[in-house]
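*Asks:* Got a structure for you, questions after.
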Amino acid sequence: MLAATAMILGAGQVQAGAFGLREQSTQAQGLAFAGAASGSGGVSSMFWNPATITMNPGFVAEQNFTYIGLSSEIRPAPGTNPGFARLGGSGELGQGALVPAGATSYQLNDRLWLGLSTGAPFGLVTKPNQVWAGEVYGRSSRIFSLAINPVIGFKVNEWLSIAAGPNIEYFRLTLRQALPVPGLLPTAYPSSFLKGESWGVGFTAGATLTPRDGTVLGIGYRSSVHHDIDGSIGVPLLALAPLAGQVRARLNTPDKLSVGLTQAVSPVARVNLGFEWDNWSRLGTIGIVSKTLGLPVNTLPLNYKDGFTYAIGAEYDASPNLTLRTGFAYETSPIDFRNRSVRLPDGDRYIASVGASYRWSRQLTLNLAYSHFFLDRSRVLAGLGRDYNVGNIAFAGVVDSSADIVSVGFRYVFGAPPAPAPAPLVRKW
């Protein structure tokens, strides 16, 4: 009975793994997100640095649609419980997902801008075979988020802009895994689930510096968002009904620091650099509390590392209407062998990207980008004192993963930029 309880509650570890979504801008994706904090992502750069809003005169809107095609498979390895190893691997674990994101900016005058960005900062969909060797540690995982970020930007002078705004965030997860029941074969184990959702509020802030024409340095910060998650645990058997019920957990999402540099090397070419730090280590161990009893019923020892991303990209104006771009990035994952789970068998990533923009008319620009993620082969081990031990059911596996990402978007400019404010009248007496 205690093993079943640990399995049901322990499944929640997926709610704070390396599932952050960076796919907020088609333009920036074509550069592997290099220079996103210094404006390479257009209006959508507000996700990384809200101060980039002042780089967009007039009334401008962008919309991006990104398809994430994740391919991942876990194969049982020596060390897996023999009774489960014969069930085979996960099959295709990854599931495709469409991620929309948008941003709008409006220039009030030559100093002040208002903006709004929306998108999904976190997300995950994985679904292995219903019956497989690691089923007691994961049958499906779904994480959904939505962030709404109003922004106010102020151009202090010709070389400095600042901006800030609240970040309103919704978070939801649904996790399922097999429930070991004495007397049943593993092929007949029913599924239990954990569900939860929350609203939280944080903030974003940033600055851009333009020390000279052709050089832009941007620094942006997205704060942690505190979530009081209301959830429930469900079990399929009446005999285990006392294990079910309402639970709550406190989760602080990782804060993010982004730095970008855009440097013009000619009138038609630019080089972009990018750096991101994601403070995943702040999650530590999360407690799960019964809302009925008011007592802790389990803990989630996440213990992730911080994540770091380094990117370089270049873009070239092939004509007044066509811009080509490419980029490369390396990302160190907060997940390694010590904390890797079958729900999210993540690892360090190498990202190669290409993209283009075509100016269809004075008002409309079309964007396209493609990225391929190369992930190192990795190992996962659950049970025997690791992960969430389910009745000493050990699972060891080898993971092969990759991802293909395609993004399309458009930028639309409404009308002409507002006229500069008139200079103050000077009189001689």
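FYI, nothing fancy with the structure tokens labels: chains A, B, ... in order, residues from 1 per chain, ligands from 1 as they appear.
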From a DSSP pass on the backbone, collect the residues of region 150-360 of chain A flagged as strand (DSSP E) and hand them back as number ranges by chain.

*Replies:* A: 150-155, 160-178, 191-212, 215-222, 226-234, 245-252, 256-266, 269-278, 285-290, 296-301, 307-317, 322-332, 349-359

*Asks:* Please identify all polymer residues within 9 Å of Ile219 (chain A), counting only C-alpha atoms, omitting same-chain residues fewer than 5 positions from it, and present them as a PyMOL selection string.

*Replies:* chain A and resi 37-38+48-49+51+205-209+257-260

*Asks:* For Gly245 (chain A), find every residue with an atom within 7 Å (counting only C-alpha atoms), except residues of its own chain fewer than 5 positions away, and show them as JSON, numbers by chain.

*Replies:* {"A": [232, 233, 234]}

*Asks:* Taking only region 230-425 of chain A into account, list the residues labelled helix (DSSP H, G or I) by DSSP (computed from the backbone), as a list in words.

*Replies:*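 Secondary structure check on region 230-425 of chain A, helix (DSSP H, G or I): Leu238, Ala239, Leu240, Ala241, Pro242, Leu243, Trp280, Ser281, Arg282 and Leu283 of chain A.
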
*Asks:* Near Pro190 (chain A), within 7 Å and counting only C-alpha atoms, which residues show up once chain neighbours fewer than 2 positions away are dropped, as an MDAnalysis selection string?

*Replies:* chainID A and resid 178:179 188 192 236

*Asks:* I need the chosen residues saved as an mmCIF file, in the first residue's frame, with C-alpha atoms.

*Replies:*
```
data_model
loop_
_atom_site.group_PDB
_atom_site.id
_atom_site.type_symbol
_atom_site.label_atom_id
_atom_site.label_comp_id
_atom_site.auth_asym_id
_atom_site.auth_seq_id
_atom_site.Cartn_x
_atom_site.Cartn_y
_atom_site.Cartn_z
ATOM 1 C CA ALA A 178 0.434 2.197 -14.188
ATOM 2 C CA LEU A 179 -0.637 1.203 -10.680
ATOM 3 C CA ALA A 188 -3.299 -5.580 -16.903
ATOM 4 C CA SER A 192 -3.715 6.246 -11.707
ATOM 5 C CA PRO A 236 -9.034 3.107 -10.282
#
```

*Asks:* Would you compute the distance between CA of Gly200 (chain A) and CA of Gly274 (chain A)? Give it in Å to one decimal.

*Replies:* 28.0 Å

*Asks:* For the atom pair CA of Gly355 (chain A) and CA of Val99 (chain A), what is the interatomic distance in Å to one decimal place?

*Replies:*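 Computing it gives 17.6 Å between the two atoms.
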
*Asks:* I'd like the interatomic distance between CA of Ser140 (chain A) and CA of Arg343 (chain A), to a tenth of an Å.

*Replies:*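 About the pair CA of Ser140 (chain A) and CA of Arg343 (chain A): they are 7.4 Å apart.
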
*Asks:* Go through A:Phe19, A:Trp132, A:Phe373, A:Pro50 and flag the residue nearest Ile335 (chain A), using only C-alpha atoms for the distances.

*Replies:*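 Once distances to Ile335 (chain A) are computed over only C-alpha atoms, the minimum belongs to A:Phe19.
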